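Engineer: Data: start_18.txt, compact mmCIF, C-alpha atoms.
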# COMPACT_ATOMS: atom_id res chain seq x y z
CA MET A 191 26.48 -38.71 7.23
CA ASN A 192 26.46 -37.65 10.80
CA ALA A 193 29.99 -38.28 11.91
CA HIS A 194 30.09 -35.65 14.63
CA ARG A 195 26.76 -36.40 16.21
CA ALA A 196 27.12 -37.32 19.86
CA PRO A 197 27.32 -41.08 19.83
CA VAL A 198 24.64 -42.60 22.01
CA LEU A 199 25.00 -46.31 22.01
CA ASN A 200 22.17 -47.96 23.80
CA GLU A 201 21.92 -51.58 24.54
CA SER A 202 20.09 -53.40 21.81
CA PRO A 203 16.37 -53.74 22.44
CA LEU A 204 16.78 -57.40 21.68
CA SER A 205 20.18 -58.28 23.03
CA THR A 206 20.77 -58.85 26.74
CA LYS A 207 24.52 -58.39 26.48
CA ALA A 208 26.25 -55.87 28.67
CA PRO A 209 27.28 -52.59 26.99
CA LEU A 210 30.72 -52.45 25.49
CA ALA A 211 33.40 -52.01 28.12
CA LEU A 212 36.55 -51.73 26.13
CA VAL A 213 38.74 -49.18 27.82
CA ALA A 214 42.04 -50.79 28.65
CA PRO A 215 44.06 -49.29 31.51
CA ASP A 216 46.74 -47.91 29.20
CA GLU A 217 44.33 -46.92 26.46
CA ALA A 218 44.43 -43.22 27.31
CA ALA A 219 48.18 -43.19 26.83
CA LEU A 220 47.83 -45.06 23.57
CA ILE A 221 45.23 -42.58 22.31
CA SER A 222 47.39 -39.68 23.41
CA LEU A 223 50.30 -41.05 21.40
CA CYS A 224 48.06 -41.51 18.38
CA GLN A 225 46.87 -37.93 18.74
CA ARG A 226 50.51 -36.87 18.48
CA GLY A 227 50.97 -38.82 15.27
CA HIS A 228 52.62 -42.03 16.49
CA GLN A 229 51.80 -44.70 13.95
CA ASN A 230 53.14 -47.52 16.10
CA ALA A 231 50.63 -46.64 18.80
CA PHE A 232 47.94 -46.44 16.16
CA ARG A 233 48.86 -49.93 15.01
CA GLN A 234 48.25 -51.18 18.56
CA LEU A 235 44.91 -49.42 18.68
CA TYR A 236 44.06 -50.96 15.32
CA GLU A 237 44.86 -54.45 16.58
CA GLN A 238 42.81 -53.84 19.69
CA TYR A 239 39.68 -52.77 17.83
CA LEU A 240 40.02 -54.53 14.48
CA GLY A 241 37.63 -57.36 15.32
CA LEU A 242 34.91 -55.05 16.58
CA VAL A 243 35.22 -52.68 13.65
CA TYR A 244 35.34 -55.44 11.07
CA GLY A 245 32.44 -57.23 12.74
CA LEU A 246 30.25 -54.14 12.45
CA CYS A 247 31.42 -53.48 8.88
CA LEU A 248 30.68 -57.06 7.86
CA ARG A 249 27.20 -57.01 9.35
CA LEU A 250 26.36 -53.69 7.72
CA THR A 251 27.77 -54.49 4.29
CA ALA A 252 27.07 -58.24 4.26
CA ASN A 253 30.01 -58.61 1.93
CA ARG A 254 33.54 -59.61 2.86
CA ALA A 255 35.33 -57.45 0.29
CA LEU A 256 33.18 -54.40 1.08
CA ALA A 257 33.66 -54.99 4.79
CA GLU A 258 37.44 -55.10 4.36
CA ASP A 259 37.42 -51.87 2.36
CA ALA A 260 35.09 -50.21 4.84
CA THR A 261 37.25 -51.34 7.76
CA GLN A 262 40.30 -49.77 6.19
CA GLU A 263 38.36 -46.59 5.60
CA VAL A 264 37.20 -46.54 9.22
CA PHE A 265 40.77 -46.73 10.49
CA ILE A 266 41.95 -44.08 8.06
CA GLN A 267 39.13 -41.83 9.28
CA LEU A 268 40.09 -42.69 12.84
CA TRP A 269 43.66 -41.59 12.20
CA ARG A 270 42.43 -38.31 10.73
CA ARG A 271 39.99 -37.60 13.52
CA ILE A 272 41.53 -39.05 16.62
CA ALA A 273 42.93 -35.64 17.55
CA SER A 274 39.34 -34.50 18.06
CA PHE A 275 38.62 -37.22 20.63
CA ARG A 276 38.35 -35.43 23.98
CA GLY A 277 37.17 -38.27 26.16
CA ASP A 278 33.63 -36.95 26.58
CA SER A 279 32.45 -40.50 25.95
CA SER A 280 34.36 -43.75 26.14
CA PHE A 281 36.69 -44.29 23.23
CA ALA A 282 34.81 -47.45 22.25
CA THR A 283 31.53 -45.52 22.02
CA TRP A 284 33.17 -42.74 20.04
CA LEU A 285 34.82 -45.22 17.69
CA HIS A 286 31.56 -47.12 17.29
CA ALA A 287 29.79 -43.96 16.14
CA LEU A 288 32.66 -43.11 13.81
CA CYS A 289 32.60 -46.62 12.41
CA THR A 290 28.83 -46.63 11.89
CA ASN A 291 28.81 -43.29 10.14
CA THR A 292 31.82 -44.16 8.00
CA VAL A 293 30.25 -47.41 6.85
CA ILE A 294 26.94 -45.73 6.05
CA SER A 295 28.84 -43.14 4.07
CA TYR A 296 30.78 -45.91 2.37
CA LEU A 297 27.59 -47.76 1.49
CA ARG A 298 26.07 -44.57 0.11
CA ARG A 299 28.90 -44.40 -2.38
CA GLN A 300 28.09 -47.86 -3.65
CA LYS A 301 25.91 -47.80 -6.75
CA SER A 302 23.14 -49.80 -5.22
CA TRP A 303 22.62 -47.57 -2.19
CA ARG A 304 20.22 -45.02 -3.58
CA GLN A 305 18.22 -47.73 -5.20
CA ARG A 306 17.99 -49.85 -2.11
CA ILE A 307 17.73 -47.27 0.64
CA HIS A 308 16.16 -44.13 -0.75
CA LEU A 309 13.99 -45.50 -3.48
CA GLY A 310 11.07 -47.68 -2.57
CA ASP A 311 10.37 -46.33 0.88
CA ASP A 312 7.08 -48.10 0.64
CA THR A 313 6.97 -50.80 3.26
CA GLU A 314 4.74 -52.94 1.08
CA GLU A 315 7.52 -53.08 -1.45
CA LEU A 316 9.87 -54.22 1.28
CA ALA A 317 7.40 -56.82 2.43
CA ASN A 318 7.12 -58.20 -1.09
CA ALA A 319 10.88 -58.23 -1.45
CA LEU A 320 11.26 -60.04 1.82
CA GLU A 321 8.62 -62.61 0.97
CA ALA A 322 10.30 -63.20 -2.38
CA GLN A 323 13.54 -64.11 -0.66
CA ALA A 324 14.17 -67.81 -0.56
CA PRO A 325 14.68 -69.08 2.98
CA PRO A 326 18.38 -69.28 3.65
CA ASP A 327 19.93 -72.65 4.15
CA LEU A 328 22.67 -71.43 6.43
CA GLY A 329 22.67 -71.93 10.13
CA ASP A 330 23.28 -68.94 12.31
CA LEU A 331 21.59 -65.60 12.74
CA ASP A 332 24.43 -63.73 11.05
CA ASP A 333 23.76 -65.62 7.86
CA PHE A 334 20.07 -64.78 8.05
CA ILE A 335 20.86 -61.11 8.69
CA ARG A 336 23.15 -61.06 5.67
CA ARG A 337 20.28 -62.25 3.51
CA LEU A 338 18.04 -59.34 4.41
CA PRO A 339 17.70 -56.64 1.75
CA GLU A 340 20.22 -53.88 2.32
CA ARG A 341 17.96 -51.32 3.95
CA ALA A 342 16.30 -53.89 6.19
CA ARG A 343 19.67 -55.33 7.12
CA VAL A 344 21.25 -51.98 7.97
CA ILE A 345 18.25 -51.02 10.07
CA PHE A 346 18.17 -54.36 11.88
CA VAL A 347 21.90 -54.30 12.59
CA LEU A 348 21.90 -50.71 13.84
CA HIS A 349 18.78 -51.03 15.99
CA GLY A 350 18.48 -54.70 16.78
CA VAL A 351 22.10 -55.65 17.14
CA GLU A 352 23.99 -52.44 17.90
CA GLY A 353 21.33 -50.77 20.00
CA TYR A 354 20.89 -47.39 18.36
CA ARG A 355 17.48 -45.88 18.95
CA GLN A 356 15.11 -45.93 16.00
CA ASP A 357 15.16 -42.14 15.69
CA GLN A 358 18.96 -42.24 15.66
CA VAL A 359 18.92 -44.82 12.90
CA ALA A 360 16.42 -42.72 10.96
CA HIS A 361 18.68 -39.71 11.30
CA MET A 362 21.75 -41.66 10.22
CA LEU A 363 20.03 -43.02 7.14
CA GLY A 364 18.07 -39.90 6.31
CA ILE A 365 14.71 -41.64 6.39
CA ALA A 366 11.59 -41.37 8.53
CA THR A 367 11.46 -43.01 11.95
CA GLY A 368 8.25 -44.72 10.92
CA THR A 369 10.07 -46.33 8.02
CA VAL A 370 12.74 -47.61 10.40
CA LYS A 371 10.06 -49.03 12.68
CA ALA A 372 8.28 -50.77 9.83
CA HIS A 373 11.44 -52.24 8.36
CA PHE A 374 12.69 -53.39 11.72
CA HIS A 375 9.40 -55.09 12.45
CA ARG A 376 9.31 -56.85 9.10
CA SER A 377 12.97 -57.85 9.35
CA LYS A 378 12.35 -59.36 12.75
CA GLN A 379 9.35 -61.25 11.45
CA LEU A 380 11.36 -62.65 8.58
CA LEU A 381 14.27 -63.63 10.82
CA LEU A 382 11.87 -65.38 13.18
CA HIS A 383 10.30 -67.14 10.24
CA TRP A 384 13.68 -68.31 8.99
CA LEU A 385 14.76 -69.39 12.45
CA GLY A 386 11.49 -71.34 12.75
CA GLN A 387 12.08 -73.02 9.44
CA GLN A 388 15.56 -73.91 10.49
CA GLU A 389 14.21 -75.47 13.68
CA GLU A 390 11.73 -77.53 11.68
CA CYS A 391 14.31 -78.61 9.10
CA PRO A 392 17.63 -78.85 10.97
CA HIS A 393 19.09 -80.91 8.15
CA GLU A 394 19.18 -77.76 6.01
CA ARG A 395 21.95 -76.38 8.20
CA SER A 396 25.25 -76.24 6.51
CA MET B 84 4.97 -64.44 16.68
CA SER B 85 5.15 -66.66 19.73
CA ASP B 86 7.14 -66.09 22.89
CA HIS B 87 9.14 -69.14 22.00
CA GLU B 88 10.20 -67.61 18.68
CA GLU B 89 10.95 -64.28 20.32
CA LEU B 90 13.08 -66.02 22.93
CA ARG B 91 14.90 -67.90 20.23
CA LEU B 92 15.74 -64.67 18.41
CA LEU B 93 16.97 -63.10 21.66
CA ARG B 94 19.21 -66.08 22.32
CA ALA B 95 20.54 -65.97 18.77
CA LEU B 96 21.28 -62.25 19.12
CA ASP B 97 23.07 -62.82 22.39
CA ALA B 98 25.15 -65.51 20.75
CA LEU B 99 26.32 -63.14 18.00
CA PRO B 100 30.00 -62.46 18.41
CA ARG B 101 30.78 -58.74 18.66
CA ALA B 102 34.23 -59.12 17.16
CA ILE B 103 34.94 -60.88 13.87
CA GLN B 104 38.45 -61.11 12.52
CA PRO B 105 39.01 -60.44 8.80
CA GLN B 106 40.54 -63.19 6.73
CA ARG B 107 43.30 -61.01 5.35
CA ASP B 108 45.70 -58.51 6.84
CA LEU B 109 44.19 -55.06 6.39
CA TRP B 110 47.00 -53.11 8.02
CA PRO B 111 49.30 -52.72 4.98
CA GLY B 112 46.60 -50.85 3.08
CA ILE B 113 45.91 -48.60 6.07
CA ALA B 114 49.62 -47.97 6.68
CA HIS B 115 50.08 -47.09 3.02
CA ALA B 116 47.25 -44.58 3.19
CA LEU B 117 48.65 -43.03 6.36
CA GLN B 118 52.09 -42.75 4.79
CA ALA B 119 50.63 -41.10 1.71
CA GLU B 120 48.82 -38.61 3.94
CA ALA B 121 51.96 -37.96 5.93
CA TYR B 122 53.84 -37.06 2.77
CA ALA B 123 51.02 -35.00 1.39
CA LYS B 124 50.29 -33.07 4.57
CA PRO B 125 52.81 -33.24 7.42
CA ARG B 126 51.06 -33.59 10.75
CA LEU B 127 51.77 -30.75 13.10
CA HIS B 128 51.33 -30.55 16.81
CA SER B 129 48.12 -28.71 17.59
CA GLY B 130 50.08 -25.87 19.24
CA VAL B 131 52.22 -25.45 16.18
CA ARG B 132 49.10 -25.57 14.03
CA ARG B 133 47.51 -22.81 16.07
CA LEU B 134 50.68 -20.73 15.83
CA ALA B 135 50.84 -21.29 12.09
CA LEU B 136 47.20 -20.31 11.79
CA ALA B 137 47.77 -17.15 13.81
CA ALA B 138 50.80 -16.28 11.67
CA SER B 139 48.78 -16.86 8.51
CA LEU B 140 46.01 -14.62 9.76
CA LEU B 141 48.48 -11.89 10.63
CA LEU B 142 50.06 -12.22 7.22
CA MET B 143 46.65 -11.97 5.57
CA LEU B 144 45.78 -8.94 7.68
CA GLY B 145 49.09 -7.24 6.85
CA THR B 146 48.68 -8.02 3.17
CA SER B 147 45.13 -6.71 3.16
CA LEU B 148 46.15 -3.52 4.89
CA TYR B 149 49.10 -3.08 2.55
CA TYR B 150 47.09 -3.61 -0.59
CA GLY B 151 44.18 -1.69 0.82
CA LEU B 152 46.47 1.31 1.10
CA ARG B 153 48.44 0.56 -2.02
CA GLN B 154 45.61 0.22 -4.43
CA PRO B 155 42.95 2.79 -5.19
CA ASN B 156 39.91 2.12 -3.10
CA PRO B 157 36.72 2.85 -5.02
CA ALA B 158 34.91 3.44 -1.74
CA PHE B 159 37.52 6.08 -0.70
CA ASP B 160 35.82 9.21 -1.95
CA HIS B 161 37.13 12.75 -1.89
CA GLY B 162 35.19 13.67 1.20
CA GLU B 163 36.83 10.90 3.16
CA LEU B 164 40.26 11.82 1.80
CA ASP B 165 39.79 15.44 2.85
CA THR B 166 38.81 14.28 6.30
CA LEU B 167 41.88 12.06 6.49
CA ILE B 168 44.22 14.82 5.36
CA ALA B 169 42.65 17.28 7.77
CA ALA B 170 43.19 14.78 10.58
CA LEU B 171 46.83 14.26 9.63
CA GLN B 172 47.43 18.02 9.41
CA SER B 173 45.73 18.59 12.73
CA ARG B 174 47.74 15.86 14.45
CA GLN B 175 50.98 17.29 13.11
CA ALA B 176 50.06 20.82 14.12
CA THR B 177 49.20 19.64 17.61
CA SER B 178 52.52 17.79 17.93
CA LYS B 179 54.50 20.83 16.78
CA ALA B 180 52.57 23.16 19.08
CA ALA B 181 53.16 20.83 22.03
CA LEU B 182 56.91 20.84 21.36
CA LEU B 183 57.07 24.60 20.99
CA VAL B 184 55.23 25.01 24.28
CA GLN B 185 57.73 22.65 25.87
CA TYR B 186 60.64 24.78 24.61
CA ARG B 187 59.03 28.12 25.35
CA GLY B 188 61.54 30.67 26.61
CA GLN B 189 64.53 28.92 25.14
CA ASN B 190 66.64 30.48 22.43
CA ALA B 191 66.80 28.92 19.01
CA ALA B 192 70.16 27.43 18.14
CA TYR B 193 69.75 28.27 14.47
CA ALA B 194 68.54 31.58 13.14
CA ASP B 195 67.14 30.18 9.93
CA TRP B 196 65.22 27.29 11.43
CA GLN B 197 61.90 28.79 10.38
CA THR B 198 63.07 28.81 6.75
CA GLN B 199 63.89 25.16 7.06
CA MET B 200 60.51 24.53 8.70
CA GLN B 201 58.73 26.36 5.86
CA GLU B 202 60.54 24.20 3.32
CA LEU B 203 59.44 21.08 5.16
CA GLU B 204 55.87 22.38 5.43
CA SER B 205 55.88 23.09 1.70
CA ALA B 206 57.01 19.54 1.10
CA GLU B 207 54.21 18.33 3.36
CA ASP B 208 51.64 20.35 1.39
CA ALA B 209 53.02 18.97 -1.88
CA ILE B 210 52.55 15.46 -0.54
CA TYR B 211 48.95 16.23 0.45
CA ARG B 212 48.31 17.46 -3.09
CA ALA B 213 49.85 14.33 -4.51
CA LEU B 214 47.73 12.20 -2.21
CA ARG B 215 44.58 13.87 -3.51
CA GLN B 216 45.65 12.78 -6.97
CA ASP B 217 46.71 9.28 -5.94
CA PRO B 218 45.10 8.34 -2.65
CA GLY B 219 46.14 4.67 -3.00
CA ASN B 220 49.85 5.40 -3.08
CA LEU B 221 51.44 3.96 0.03
CA ALA B 222 54.80 5.55 -0.75
CA LEU B 223 53.26 9.02 -0.38
CA PHE B 224 51.99 8.16 3.10
CA THR B 225 55.47 6.94 4.03
CA LEU B 226 57.03 10.12 2.66
CA LEU B 227 54.51 12.21 4.55
CA ARG B 228 55.39 10.50 7.81
CA GLN B 229 59.10 11.10 7.16
CA VAL B 230 58.58 14.78 6.42
CA GLN B 231 56.44 15.24 9.53
CA ASP B 232 59.09 13.50 11.63
CA LYS B 233 61.74 15.81 10.20
CA GLN B 234 59.68 18.83 11.26
CA LEU B 235 59.50 17.57 14.84
CA LYS B 236 63.18 16.66 14.87
CA LEU B 237 64.03 20.13 13.59
CA ILE B 238 62.23 21.73 16.54
CA ASP B 239 64.07 19.38 18.90
CA ALA B 240 67.40 20.18 17.29
CA VAL B 241 66.81 23.94 17.37
CA PHE B 242 65.68 24.21 20.96
CA SER B 243 67.38 21.30 22.58
CA PRO B 244 70.76 20.81 20.89
CA ARG B 245 72.63 17.76 22.12
CA PHE B 246 76.33 18.09 22.37
CA THR B 247 78.30 15.00 22.28
CA THR B 248 81.70 14.60 23.83
CA LEU B 249 84.13 12.27 22.19
In structure tokens, write the structure found in this file.
Structural biologist:
Amino acid sequence: MNAHRAPVLNESPLSTKAPLALVAPDEAALISLCQRGHQNAFRQLYEQYLGLVYGLCLRLTANRALAEDATQEVFIQLWRRIASFRGDSSFATWLHALCTNTVISYLRRQKSWRQRIHLGDDTEELANALEAQAPPDLGDLDDFIRRLPERARVIFVLHGVEGYRQDQVAHMLGIATGTVKAHFHRSKQLLLHWLGQQEECPHERS
Amino acid sequence: MSDHEELRLLRALDALPRAIQPQRDLWPGIAHALQAEAYAKPRLHSGVRRLALAASLLLMLGTSLYYGLRQPNPAFDHGELDTLIAALQSRQATSKAALLVQYRGQNAAYADWQTQMQELESAEDAIYRALRQDPGNLALFTLLRQVQDKQLKLIDAVFSPRFTTL
């Protein structure tokens, strides 16, 4: 895990949304209180960022129970590390990096991680796995993303949705940049394929 | 892939909500963990932490020095001990000589002060001998310092007696 790496959150290569702008006027005071151990202030910070943290956790884990656990772990890590936040980047960016690294670390502790991420780096294997997936019958892109194999999903979410550079994603996951590129490309192809199928058969939407 | 498909994916990505709310309240679990941490390891203000760290380091240094002197040091060979003793003797001799120069020309208040000084110097020599046998004994170093101080105080008392008025 790379928790202390300078968080560089770029805009997604696919998304046209504006970068996160989440600093509330009184946020500095809230953070300062948290840094001095005030749990009530931390509760406010939690409420402010819960949706964003849980959203990222859910997309990365693709599992509600895992996402809930990971979210709790992110906020516990935040409580432990908030004293080290010096304001060099925006708090949202710093928290985003903390969240990403915590979830990756959390996923690594799951039994399936080594199997899914570190074994089978061969892109052909991924391609076969992707082709073997039955087209999802759910409607929105989130549902399609959830159906990607774990490595492909994590890579797509980090690069395609969250905007980390491919080399950053490679560093976070401990894999080659070329592997990230290949998986991202194949994931995108599969998502486009599923979206196309959905367009052709709109009745399959739930 | 066609531009149409690419555009569709872009639109779908833009439509993704950044924030998603969990279906259950996650705070109680977090609060419980924070409470457990608070009991296990009280949070200290960073200034207090730094002070505590500095105090710990000083304590470690003091302990190391104490035990370094207290316990025989295998690396402390006889040559080094001789050098140390020679340095201590030289420093003491210099201090005594400086005092005697300061009191030159003054009469001694006690006739037998040199006998007393010889007794103290004999004690000092005995301590050096003991140190050669037990160089890790801190008590001998303390005793040596006391005996050397007594020698200097004796010179002061002999040549510069202080009379107190009650």
Engineer: Pick out the residues sitting within 12 Å of Val347 of chain A, and hand them over as a CSV table (one decimal) with C-alpha atoms, keeping the file's coordinate frame; count all atoms listed in the file, and ignore anything fewer than 2 positions along from it in its own chain.
Structural biologist:
chain,number,residue,atom,x,y,z
A,202,SER,CA,20.1,-53.4,21.8
A,203,PRO,CA,16.4,-53.7,22.4
A,204,LEU,CA,16.8,-57.4,21.7
A,205,SER,CA,20.2,-58.3,23.0
A,245,GLY,CA,32.4,-57.2,12.7
A,246,LEU,CA,30.2,-54.1,12.4
A,247,CYS,CA,31.4,-53.5,8.9
A,248,LEU,CA,30.7,-57.1,7.9
A,249,ARG,CA,27.2,-57.0,9.4
A,250,LEU,CA,26.4,-53.7,7.7
A,251,THR,CA,27.8,-54.5,4.3
A,252,ALA,CA,27.1,-58.2,4.3
A,290,THR,CA,28.8,-46.6,11.9
A,294,ILE,CA,26.9,-45.7,6.0
A,331,LEU,CA,21.6,-65.6,12.7
A,332,ASP,CA,24.4,-63.7,11.0
A,334,PHE,CA,20.1,-64.8,8.0
A,335,ILE,CA,20.9,-61.1,8.7
A,336,ARG,CA,23.2,-61.1,5.7
A,338,LEU,CA,18.0,-59.3,4.4
A,339,PRO,CA,17.7,-56.6,1.8
A,340,GLU,CA,20.2,-53.9,2.3
A,341,ARG,CA,18.0,-51.3,4.0
A,342,ALA,CA,16.3,-53.9,6.2
A,343,ARG,CA,19.7,-55.3,7.1
A,344,VAL,CA,21.2,-52.0,8.0
A,345,ILE,CA,18.2,-51.0,10.1
A,349,HIS,CA,18.8,-51.0,16.0
A,350,GLY,CA,18.5,-54.7,16.8
A,351,VAL,CA,22.1,-55.6,17.1
A,352,GLU,CA,24.0,-52.4,17.9
A,353,GLY,CA,21.3,-50.8,20.0
A,354,TYR,CA,20.9,-47.4,18.4
A,355,ARG,CA,17.5,-45.9,19.0
A,356,GLN,CA,15.1,-45.9,16.0
A,359,VAL,CA,18.9,-44.8,12.9
A,370,VAL,CA,12.7,-47.6,10.4
A,373,HIS,CA,11.4,-52.2,8.4
A,374,PHE,CA,12.7,-53.4,11.7
A,377,SER,CA,13.0,-57.8,9.4
A,378,LYS,CA,12.4,-59.4,12.8
B,96,LEU,CA,21.3,-62.2,19.1
B,99,LEU,CA,26.3,-63.1,18.0
B,101,ARG,CA,30.8,-58.7,18.7
Engineer: To one decimal place, how far is atom CA of Arg94 of chain B from atom CA of Asp330 of chain A in Å?
Structural biologist: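 That distance, rounded to one decimal, is 11.2 Å.
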Engineer: What does the distance between atom CA of Gly277 of chain A and atom CA of Ala218 of chain A come to in Å, to one decimal place?
Structural biologist: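 So the two atoms, atom CA of Gly277 of chain A and atom CA of Ala218 of chain A, lie 8.9 Å apart.
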Engineer: Which chain A residues are at most 10 Å from chain B (counting only C-alpha atoms), as a PyMOL selection string?
Structural biologist: chain A and resi 202-208+210+225-227+229+232-233+236-237+239-249+254-255+257-259+261-266+269-270+273+330-332+350-352+378-379+381-383+385-386
Engineer: Mind giving me the straight-line distance from atom CA of Ile210 of chain B to atom CA of Leu223 of chain B in Å, one decimal?
Structural biologist: 6.5 Å
Engineer: Please return as a ChimeraX atom specification every residue within 7 Å of (50.8, 10.6, 9.9), taking into account all atoms listed in the file and the file's own coordinates.
Structural biologist: /B:171,227-228
Engineer: Could you check the closest approach to Gln189 of chain B for each of B:Asp217, B:Glu204, B:Asp239, B:Asp165 and tell me which residue wins, using all atoms listed in the file?
Structural biologist: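 So, comparing all the options, the nearest one is B:Asp239.
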Engineer: Ranking A:Ala372, A:Leu223, A:Leu348, A:Leu363 by minimum distance to His286 of chain A and counting all atoms listed in the file, which one comes first?
Structural biologist: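 For His286 of chain A, the nearest of the given residues is A:Leu348.
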Engineer: Could I see segment 161-177 of chain B restored to N, CA and C atoms, set down as a PDB file, in the frame of the given file?
Structural biologist:
ATOM      1  N   HIS B 161      36.362  11.527  -2.184  1.00  0.00           N
ATOM      2  CA  HIS B 161      37.130  12.750  -1.890  1.00  0.00           C
ATOM      3  C   HIS B 161      36.808  13.312  -0.523  1.00  0.00           C
ATOM      4  N   GLY B 162      35.572  13.178  -0.120  1.00  0.00           N
ATOM      5  CA  GLY B 162      35.190  13.670   1.200  1.00  0.00           C
ATOM      6  C   GLY B 162      35.971  12.987   2.299  1.00  0.00           C
ATOM      7  N   GLU B 163      36.084  11.668   2.161  1.00  0.00           N
ATOM      8  CA  GLU B 163      36.830  10.900   3.160  1.00  0.00           C
ATOM      9  C   GLU B 163      38.308  11.263   3.133  1.00  0.00           C
ATOM     10  N   LEU B 164      38.840  11.483   1.931  1.00  0.00           N
ATOM     11  CA  LEU B 164      40.260  11.820   1.800  1.00  0.00           C
ATOM     12  C   LEU B 164      40.532  13.174   2.453  1.00  0.00           C
ATOM     13  N   ASP B 165      39.625  14.109   2.223  1.00  0.00           N
ATOM     14  CA  ASP B 165      39.790  15.440   2.850  1.00  0.00           C
ATOM     15  C   ASP B 165      39.782  15.315   4.358  1.00  0.00           C
ATOM     16  N   THR B 166      38.888  14.470   4.845  1.00  0.00           N
ATOM     17  CA  THR B 166      38.810  14.280   6.300  1.00  0.00           C
ATOM     18  C   THR B 166      40.110  13.692   6.829  1.00  0.00           C
ATOM     19  N   LEU B 167      40.643  12.708   6.072  1.00  0.00           N
ATOM     20  CA  LEU B 167      41.880  12.060   6.490  1.00  0.00           C
ATOM     21  C   LEU B 167      43.030  13.065   6.506  1.00  0.00           C
ATOM     22  N   ILE B 168      43.125  13.851   5.442  1.00  0.00           N
ATOM     23  CA  ILE B 168      44.220  14.820   5.360  1.00  0.00           C
ATOM     24  C   ILE B 168      44.099  15.875   6.457  1.00  0.00           C
ATOM     25  N   ALA B 169      42.859  16.293   6.699  1.00  0.00           N
ATOM     26  CA  ALA B 169      42.650  17.280   7.770  1.00  0.00           C
ATOM     27  C   ALA B 169      43.090  16.710   9.108  1.00  0.00           C
ATOM     28  N   ALA B 170      42.801  15.412   9.321  1.00  0.00           N
ATOM     29  CA  ALA B 170      43.190  14.780  10.580  1.00  0.00           C
ATOM     30  C   ALA B 170      44.701  14.695  10.706  1.00  0.00           C
ATOM     31  N   LEU B 171      45.362  14.354   9.597  1.00  0.00           N
ATOM     32  CA  LEU B 171      46.830  14.260   9.630  1.00  0.00           C
ATOM     33  C   LEU B 171      47.463  15.628   9.880  1.00  0.00           C
ATOM     34  N   GLN B 172      46.901  16.665   9.231  1.00  0.00           N
ATOM     35  CA  GLN B 172      47.430  18.020   9.410  1.00  0.00           C
ATOM     36  C   GLN B 172      47.230  18.482  10.851  1.00  0.00           C
ATOM     37  N   SER B 173      46.056  18.184  11.363  1.00  0.00           N
ATOM     38  CA  SER B 173      45.730  18.590  12.730  1.00  0.00           C
ATOM     39  C   SER B 173      46.653  17.911  13.735  1.00  0.00           C
ATOM     40  N   ARG B 174      46.876  16.595  13.523  1.00  0.00           N
ATOM     41  CA  ARG B 174      47.740  15.860  14.450  1.00  0.00           C
ATOM     42  C   ARG B 174      49.150  16.434  14.434  1.00  0.00           C
ATOM     43  N   GLN B 175      49.625  16.758  13.231  1.00  0.00           N
ATOM     44  CA  GLN B 175      50.980  17.290  13.110  1.00  0.00           C
ATOM     45  C   GLN B 175      51.076  18.670  13.759  1.00  0.00           C
ATOM     46  N   ALA B 176      50.063  19.474  13.528  1.00  0.00           N
ATOM     47  CA  ALA B 176      50.060  20.820  14.120  1.00  0.00           C
ATOM     48  C   ALA B 176      50.049  20.742  15.635  1.00  0.00           C
ATOM     49  N   THR B 177      49.276  19.818  16.158  1.00  0.00           N
ATOM     50  CA  THR B 177      49.200  19.640  17.610  1.00  0.00           C
ATOM     51  C   THR B 177      50.562  19.216  18.170  1.00  0.00           C
TER      52      THR B 177
END
